[in-house]
Amino acid sequence: MTPSAQIAAVIEVLAAIEEAPGKSADAIVNTYFRARRYIGSGDRRAISDRVWTLIRGQRQLQWRLGGAASPRLTVAASLLLEGWTVSGVEQIYSGARFAPAPLTRAELGRLGAMQSRAGEGAEMPLPVRLELPDWLLPRLQARFGARFEAETAALSKPAPLDLRVNLLKATREQARLALLEEGLEAEPTPFSPWGLRLAGRHAITSGAAFRQGLVEPQDEGSQLVAALVGARPGMRVLDWCAGAGGKTLALAMTMQNRGRLVACDVSAARLENAVRRLRRAGAHNVERHVISVRDKWRKRHVASFDRVLVDAPCSGTGRWRRSPDARHRLTERGLAEMVARQASILDQVANLVRNRGRLVYATCSLLTEENEAQVSTFLSRHPDFARAGPDLALTPAQHGTDGFYAAVLERAK
């Protein structure tokens with residue numbers, strides 16, 4: 001592709017993201033490329049890298065432009081900030097075949113005004129500089145204190161690709177060597193005994209190590225949450241918000257395929273997507289159950305499980321390295337609704353834990369109201385539960401993982 005064609009593709013992707021505010025940018029990018037398989041791998045990487053860079057710097061770009069801007073104007077502004085001249089940008093926006101349409105007089109005016117303001121030394125507001133919603137700033141300042149800027153800055157950096165080695169099929173060293181045969185140099189993760197880390201983005205799913213079930217993409221923090229469950233062979237274990245089964249796979253591994261593992265979710269489609277992953281991993285002890293409004297399943301399973309994992313739906317603030325667009329979709333009202341939903345889920349599953357069994361509550365959030373405060377209010381409502389150890393709190397800045405929180409709660413009676 002020519003540089004102009006690449007820029008045109010970037011504009012198309014950003015426009016598609018803007019038109020579907022409730023859909024993840026990652027899904028939109030994947031859909032875009034699936035419909036255009038003729039785009040080569042190098043061009044895909046160049047387009048994707050620019051899209052993610054622009055999403056990560058969206059607030060700063062719009063501030064420099066003096067307000068909201070179209071995708072084509074945002075991209076043009078980013079080129080100027082990279083050192084391009086106005087005439088160079090105009091050549092990219094030539095209107096030729098596969099190139100963006102020429103910049104309008106109004107667009108050129110805004111770009112000129114941006115360049116004029118660049119020398120004025122206006123101070124960029126803190127939430128803009130850190131790419132945060134204004135309303136979220138005080139919450140994160142209270143959460144992190146003196147570490148606030150370092151922690152929030154880390155959320156804007158690209159994440160590495162972490163893999164969980166599937167011990168049902170290989171050791172960590174065997175998996176590392178299998179990846180090396182594909183030209184991928186992976187390093188052991190510092191905390192998870194099952195983890196391998198690759199720098200940058202890689203199409204891991206096309207390789208033999210993935211297809212054979214030796215590895216599964218999973219952030220090291222998520223692996224540590226699965227480890228915290230303490231699921232062992234012969235146990236009865238419930239993964240209540242299983243989704244597509246990422247942590248279910250890890251639990252089946254730690255159970256060595258022995259015992260009963262039930263994966264539950266409100267979405268039949270998500271559970272159906274887990275089937276292929278379970279088969280590839282060689283996980284044979286997993287049952288699936290779709291949660292419904294008039295579900296009698298819970299009544300039949302009161303006090304049945306040794307371990308219950310609630311990987312709760314949350315704000316996802318801890319995953320902003322991987323989903324930078326999510327910060328622009330999060331609202332204060334949405335957060336409040338999420339907190340209420342988490343409390344309801346915890347109340348629903350509390351009586352499924354057997355005597356001396358454990359409930360593990362986890363989020364990929366950095367916010368106190370979804371984490372420590374949520375657990376504290378649960379314990380006040382359920383005095384038969386108590387903490388069974390210190391909480392787990394991980395952040396990109398301190399641990400190099402996504403942001404994760406987990407609390408282990410034991411039922412006393």
# chains A, B, ... in the order shown; residues from 1 in each chain; ligands from 1

$ residues_around --residues "Gly66 of chain A" --least-positions-apart "4" --cutoff "9 Å" --atoms "only C-alpha atoms" --output "PyMOL selection string"
chain A and resi 61-62+110+113-114

$ write_last_selection --atoms "C-alpha atoms" --output "tab-separated table (two decimals), in the first residue's frame"
chain	number	residue	atom	x	y	z
A	61	LEU	CA	-4.82	15.71	19.91
A	62	GLN	CA	-8.29	17.17	20.33
A	110	ARG	CA	-7.71	24.38	12.16
A	113	ALA	CA	-4.35	27.43	14.29
A	114	MET	CA	-2.95	24.34	16.02

$ residues_around --residues "Thr254 of chain A" --least-positions-apart "4" --cutoff "8 Å" --atoms "only C-alpha atoms" --output "CSV table (one decimal) with N, CA and C atoms, in the first residue's frame"
chain,number,residue,atom,x,y,z
A,227,ALA,N,-4.4,-18.7,39.8
A,227,ALA,CA,-3.6,-19.4,40.8
A,227,ALA,C,-4.1,-19.1,42.2
A,230,GLY,N,-6.7,-21.5,43.9
A,230,GLY,CA,-6.3,-22.7,44.6
A,230,GLY,C,-7.1,-23.9,44.2
A,231,ALA,N,-7.5,-24.0,43.0
A,231,ALA,CA,-8.3,-25.2,42.5
A,231,ALA,C,-7.3,-26.4,42.4
A,232,ARG,N,-7.7,-27.5,43.0
A,232,ARG,CA,-6.8,-28.7,43.0
A,232,ARG,C,-7.6,-29.9,42.5
A,233,PRO,N,-6.8,-30.9,42.1
A,233,PRO,CA,-7.5,-32.1,41.6
A,233,PRO,C,-8.5,-32.7,42.5
A,250,ALA,N,-7.3,-22.2,32.8
A,250,ALA,CA,-6.3,-22.2,33.8
A,250,ALA,C,-6.7,-23.1,35.0

$ atom_distance --atom1 "atom CA of Asp391 of chain A" --atom2 "atom CA of Cys364 of chain A"
13.6 Å

$ atom_distance --atom1 "atom CA of Val13 of chain A" --atom2 "atom CA of Leu132 of chain A"
22.4 Å

$ closest_residue --among "A:Leu180, A:Val408, A:Trp135, A:Asn351" --to "Leu335 of chain A" --atoms "only C-alpha atoms"
A:Trp135

$ residues_around --residues "Glu107 of chain A" --least-positions-apart "6" --cutoff "12 Å" --atoms "only C-alpha atoms" --output "list in words"
Leu65, Ala69, Ser70, Pro71, Arg72, Leu73, Thr74, Val75, Ala76, Ala77, Val86, Val89, Glu90, Tyr93, Ala101, Ala113 and Met114 of chain A

$ residues_around --residues "Pro390 of chain A" --least-positions-apart "6" --cutoff "12 Å" --atoms "only C-alpha atoms" --output "ChimeraX atom specification"
/A:228,360,372,405-409

$ write_last_selection --atoms "N, CA and C atoms" --output "PDB file, in the first residue's frame"
ATOM      1  N   LEU A 228      -4.626 -17.940  42.455  1.00  0.00           N
ATOM      2  CA  LEU A 228      -5.134 -17.592  43.778  1.00  0.00           C
ATOM      3  C   LEU A 228      -6.361 -18.411  44.155  1.00  0.00           C
ATOM      4  N   VAL A 360     -13.594 -16.396  45.554  1.00  0.00           N
ATOM      5  CA  VAL A 360     -12.556 -15.489  45.078  1.00  0.00           C
ATOM      6  C   VAL A 360     -13.221 -14.440  44.188  1.00  0.00           C
ATOM      7  N   GLU A 372     -11.724  -2.982  46.962  1.00  0.00           N
ATOM      8  CA  GLU A 372     -11.750  -3.096  48.423  1.00  0.00           C
ATOM      9  C   GLU A 372     -13.102  -2.717  49.024  1.00  0.00           C
ATOM     10  N   TYR A 405      -7.305  -6.946  40.648  1.00  0.00           N
ATOM     11  CA  TYR A 405      -7.577  -7.017  42.087  1.00  0.00           C
ATOM     12  C   TYR A 405      -8.252  -8.353  42.367  1.00  0.00           C
ATOM     13  N   ALA A 406      -7.914  -8.953  43.502  1.00  0.00           N
ATOM     14  CA  ALA A 406      -8.603 -10.188  43.914  1.00  0.00           C
ATOM     15  C   ALA A 406      -8.593 -10.297  45.429  1.00  0.00           C
ATOM     16  N   ALA A 407      -9.691 -10.793  45.971  1.00  0.00           N
ATOM     17  CA  ALA A 407      -9.810 -11.058  47.401  1.00  0.00           C
ATOM     18  C   ALA A 407     -10.294 -12.486  47.593  1.00  0.00           C
ATOM     19  N   VAL A 408      -9.691 -13.210  48.518  1.00  0.00           N
ATOM     20  CA  VAL A 408     -10.072 -14.582  48.824  1.00  0.00           C
ATOM     21  C   VAL A 408     -10.879 -14.564  50.124  1.00  0.00           C
ATOM     22  N   LEU A 409     -12.125 -15.012  50.044  1.00  0.00           N
ATOM     23  CA  LEU A 409     -13.046 -14.979  51.174  1.00  0.00           C
ATOM     24  C   LEU A 409     -13.469 -16.411  51.517  1.00  0.00           C
TER      25      LEU A 409
END

$ decode --residues "segment 69-101 of chain A" --atoms "N, CA and C atoms" --output "mmCIF file, in the first residue's frame"
data_model
loop_
_atom_site.group_PDB
_atom_site.id
_atom_site.type_symbol
_atom_site.label_atom_id
_atom_site.label_comp_id
_atom_site.auth_asym_id
_atom_site.auth_seq_id
_atom_site.Cartn_x
_atom_site.Cartn_y
_atom_site.Cartn_z
ATOM 1 N N ALA A 69 -12.755 16.677 16.837
ATOM 2 C CA ALA A 69 -12.327 16.723 15.437
ATOM 3 C C ALA A 69 -12.671 15.410 14.754
ATOM 4 N N SER A 70 -12.843 15.475 13.450
ATOM 5 C CA SER A 70 -13.124 14.287 12.663
ATOM 6 C C SER A 70 -11.883 13.397 12.609
ATOM 7 N N PRO A 71 -12.059 12.101 12.298
ATOM 8 C CA PRO A 71 -10.888 11.230 12.167
ATOM 9 C C PRO A 71 -9.870 11.737 11.155
ATOM 10 N N ARG A 72 -10.313 12.268 10.020
ATOM 11 C CA ARG A 72 -9.354 12.719 8.999
ATOM 12 C C ARG A 72 -8.556 13.927 9.475
ATOM 13 N N LEU A 73 -9.203 14.810 10.254
ATOM 14 C CA LEU A 73 -8.472 15.966 10.774
ATOM 15 C C LEU A 73 -7.525 15.538 11.891
ATOM 16 N N THR A 74 -7.968 14.598 12.715
ATOM 17 C CA THR A 74 -7.118 14.079 13.796
ATOM 18 C C THR A 74 -5.859 13.437 13.236
ATOM 19 N N VAL A 75 -6.020 12.645 12.186
ATOM 20 C CA VAL A 75 -4.859 11.992 11.570
ATOM 21 C C VAL A 75 -3.916 13.035 10.973
ATOM 22 N N ALA A 76 -4.463 14.030 10.295
ATOM 23 C CA ALA A 76 -3.623 15.088 9.715
ATOM 24 C C ALA A 76 -2.847 15.815 10.807
ATOM 25 N N ALA A 77 -3.512 16.111 11.927
ATOM 26 C CA ALA A 77 -2.831 16.782 13.043
ATOM 27 C C ALA A 77 -1.699 15.937 13.586
ATOM 28 N N SER A 78 -1.923 14.630 13.676
ATOM 29 C CA SER A 78 -0.869 13.740 14.201
ATOM 30 C C SER A 78 0.345 13.733 13.276
ATOM 31 N N LEU A 79 0.121 13.836 11.971
ATOM 32 C CA LEU A 79 1.246 13.877 11.038
ATOM 33 C C LEU A 79 2.071 15.151 11.233
ATOM 34 N N LEU A 80 1.384 16.271 11.455
ATOM 35 C CA LEU A 80 2.111 17.518 11.700
ATOM 36 C C LEU A 80 2.933 17.418 12.982
ATOM 37 N N LEU A 81 2.369 16.795 13.994
ATOM 38 C CA LEU A 81 3.095 16.649 15.259
ATOM 39 C C LEU A 81 4.287 15.706 15.122
ATOM 40 N N GLU A 82 4.239 14.826 14.125
ATOM 41 C CA GLU A 82 5.376 13.934 13.868
ATOM 42 C C GLU A 82 6.489 14.642 13.096
ATOM 43 N N GLY A 83 6.221 15.885 12.650
ATOM 44 C CA GLY A 83 7.247 16.635 11.938
ATOM 45 C C GLY A 83 6.985 16.838 10.463
ATOM 46 N N TRP A 84 5.828 16.360 9.979
ATOM 47 C CA TRP A 84 5.492 16.581 8.587
ATOM 48 C C TRP A 84 5.209 18.068 8.356
ATOM 49 N N THR A 85 5.441 18.523 7.133
ATOM 50 C CA THR A 85 5.050 19.878 6.765
ATOM 51 C C THR A 85 3.599 19.861 6.280
ATOM 52 N N VAL A 86 2.986 21.043 6.232
ATOM 53 C CA VAL A 86 1.610 21.128 5.735
ATOM 54 C C VAL A 86 1.538 20.659 4.287
ATOM 55 N N SER A 87 2.529 21.048 3.483
ATOM 56 C CA SER A 87 2.524 20.630 2.074
ATOM 57 C C SER A 87 2.664 19.113 1.956
ATOM 58 N N GLY A 88 3.446 18.505 2.855
ATOM 59 C CA GLY A 88 3.595 17.050 2.845
ATOM 60 C C GLY A 88 2.294 16.354 3.184
ATOM 61 N N VAL A 89 1.580 16.905 4.163
ATOM 62 C CA VAL A 89 0.283 16.339 4.530
ATOM 63 C C VAL A 89 -0.701 16.489 3.378
ATOM 64 N N GLU A 90 -0.662 17.622 2.716
ATOM 65 C CA GLU A 90 -1.563 17.848 1.582
ATOM 66 C C GLU A 90 -1.289 16.856 0.455
ATOM 67 N N GLN A 91 -0.043 16.451 0.282
ATOM 68 C CA GLN A 91 0.277 15.447 -0.735
ATOM 69 C C GLN A 91 -0.338 14.086 -0.374
ATOM 70 N N ILE A 92 -0.348 13.774 0.940
ATOM 71 C CA ILE A 92 -0.985 12.529 1.381
ATOM 72 C C ILE A 92 -2.492 12.601 1.111
ATOM 73 N N TYR A 93 -3.092 13.762 1.426
ATOM 74 C CA TYR A 93 -4.538 13.977 1.226
ATOM 75 C C TYR A 93 -4.755 14.531 -0.190
ATOM 76 N N SER A 94 -4.328 13.771 -1.174
ATOM 77 C CA SER A 94 -4.331 14.284 -2.557
ATOM 78 C C SER A 94 -5.663 14.084 -3.263
ATOM 79 N N GLY A 95 -6.483 13.156 -2.765
ATOM 80 C CA GLY A 95 -7.723 12.830 -3.459
ATOM 81 C C GLY A 95 -7.528 11.851 -4.593
ATOM 82 N N ALA A 96 -6.293 11.405 -4.817
ATOM 83 C CA ALA A 96 -6.017 10.415 -5.864
ATOM 84 C C ALA A 96 -6.603 9.067 -5.455
ATOM 85 N N ARG A 97 -6.521 8.091 -6.338
ATOM 86 C CA ARG A 97 -7.059 6.770 -6.041
ATOM 87 C C ARG A 97 -6.428 6.201 -4.768
ATOM 88 N N PHE A 98 -7.272 5.718 -3.863
ATOM 89 C CA PHE A 98 -6.874 5.135 -2.574
ATOM 90 C C PHE A 98 -6.341 6.173 -1.584
ATOM 91 N N ALA A 99 -6.341 7.441 -1.916
ATOM 92 C CA ALA A 99 -5.855 8.488 -1.000
ATOM 93 C C ALA A 99 -7.044 9.222 -0.376
ATOM 94 N N PRO A 100 -6.863 9.838 0.795
ATOM 95 C CA PRO A 100 -7.943 10.630 1.383
ATOM 96 C C PRO A 100 -8.276 11.839 0.500
ATOM 97 N N ALA A 101 -9.496 12.308 0.599
ATOM 98 C CA ALA A 101 -9.905 13.504 -0.142
ATOM 99 C C ALA A 101 -9.080 14.698 0.330
#
